[in-house]
Amino acid sequence: MTIGFAKKNKVSIRTCLGCRQRKTQLELWRFAVDNSGQVMKDFCGKHDGRHVYCCQADSCLQKFFKNKKGLSRAFRQQVLGFNEGLQDLFGSEQ
Ligand SMILES: [Zn+2]
């Protein structure tokens, strides 16, 4: 029942919304947005709908969080804010 290794030849490539580089999904964090326009981390993949991706690096995350317009475009939904859990990732900067 070790599912993790079964698909190692089929790792998805996604674009980081911070640096725009294409990377394997394993190197990226995945984010989703809820109905109220709050972006949240989506590690488990249970959330339906569109996802965006960002490197697990501060420099990329900062661009990611500052780019609400880009996020809105990527999600095809207006992004109004960020879920509480994301504050931990990003620190206290507004
Ligand atoms: Zn990046």
# chains A, B, ... in the order shown; residues from 1 in each chain; ligands from 1
call {"tool": "residues_around", "arguments": {"residues": "stretch 53-63 of chain A", "least_positions_apart": "2", "cutoff": "12 Å", "atoms": "only C-alpha atoms", "output": "PyMOL selection string"}}
result
chain A and resi 12-33+39-43+50-51+65-71+74-75+86-94
call {"tool": "select_by_dssp", "arguments": {"residues": "stretch 6-91 of chain A", "states": "strand (DSSP E)", "output": "list of chain:residue names"}}
result
A:Ile13, A:Arg14, A:Thr15, A:Arg22, A:Lys23, A:Thr24, A:Leu28, A:Trp29, A:Arg30, A:Phe31, A:Ala32, A:Val33, A:Gln38, A:Val39, A:Met40, A:Lys41, A:Val52, A:Tyr53, A:Cys54, A:Cys55, A:Gly81, A:Phe82
call {"tool": "write_last_selection", "arguments": {"atoms": "N, CA and C atoms", "output": "compact mmCIF listing (two decimals), in the first residue's frame"}}
result
# COMPACT_ATOMS: atom_id res chain seq x y z
N ILE A 13 4.51 18.46 -13.99
CA ILE A 13 5.29 19.69 -14.03
C ILE A 13 4.32 20.87 -13.93
N ARG A 14 4.64 21.78 -13.02
CA ARG A 14 3.78 22.94 -12.82
C ARG A 14 4.63 24.20 -12.83
N THR A 15 3.98 25.32 -13.09
CA THR A 15 4.69 26.59 -13.11
C THR A 15 4.53 27.31 -11.79
N ARG A 22 9.23 26.31 -14.40
CA ARG A 22 8.50 25.05 -14.38
C ARG A 22 9.26 24.04 -13.54
N LYS A 23 8.58 23.45 -12.61
CA LYS A 23 9.20 22.49 -11.71
C LYS A 23 8.27 21.31 -11.49
N THR A 24 8.84 20.26 -10.90
CA THR A 24 7.98 19.13 -10.58
C THR A 24 7.09 19.52 -9.41
N LEU A 28 6.96 22.03 -5.29
CA LEU A 28 6.08 23.18 -5.19
C LEU A 28 5.03 22.98 -4.11
N TRP A 29 4.59 24.11 -3.59
CA TRP A 29 3.42 24.07 -2.75
C TRP A 29 2.19 24.32 -3.61
N ARG A 30 1.14 23.69 -3.23
CA ARG A 30 -0.09 23.85 -3.98
C ARG A 30 -1.07 24.68 -3.18
N PHE A 31 -1.74 25.57 -3.87
CA PHE A 31 -2.71 26.44 -3.22
C PHE A 31 -4.06 26.36 -3.93
N ALA A 32 -5.08 26.56 -3.14
CA ALA A 32 -6.43 26.60 -3.68
C ALA A 32 -7.12 27.85 -3.15
N VAL A 33 -8.27 28.17 -3.70
CA VAL A 33 -9.02 29.32 -3.21
C VAL A 33 -10.43 28.87 -2.87
N GLN A 38 -10.57 33.47 -0.38
CA GLN A 38 -9.42 33.29 0.50
C GLN A 38 -8.53 32.17 -0.05
N VAL A 39 -7.26 32.50 -0.22
CA VAL A 39 -6.32 31.48 -0.69
C VAL A 39 -5.87 30.62 0.48
N MET A 40 -5.79 29.35 0.23
CA MET A 40 -5.34 28.45 1.30
C MET A 40 -4.36 27.43 0.75
N LYS A 41 -3.59 26.91 1.66
CA LYS A 41 -2.67 25.85 1.31
C LYS A 41 -3.45 24.56 1.09
N VAL A 52 -3.07 26.70 -7.90
CA VAL A 52 -1.86 27.35 -8.37
C VAL A 52 -0.70 26.82 -7.53
N TYR A 53 0.49 27.04 -8.04
CA TYR A 53 1.66 26.44 -7.42
C TYR A 53 2.73 27.49 -7.19
N CYS A 54 3.52 27.24 -6.15
CA CYS A 54 4.62 28.16 -5.85
C CYS A 54 5.76 27.36 -5.22
N CYS A 55 6.99 27.76 -5.53
CA CYS A 55 8.17 27.12 -4.95
C CYS A 55 8.13 27.24 -3.42
N GLY A 81 -7.97 37.65 -0.13
CA GLY A 81 -7.09 37.56 1.02
C GLY A 81 -6.51 36.17 1.14
N PHE A 82 -5.90 35.94 2.29
CA PHE A 82 -5.22 34.67 2.48
C PHE A 82 -5.68 34.02 3.77
call {"tool": "atom_distance", "arguments": {"atom1": "atom CA of A:Asn83", "atom2": "atom CA of A:Asp48"}}
result
16.5 Å
call {"tool": "closest_residue", "arguments": {"among": "A:Gln78, A:Ser72, A:Glu84, A:Phe64", "to": "ligand 1", "atoms": "only C-alpha atoms and all ligand atoms"}}
result
A:Phe64
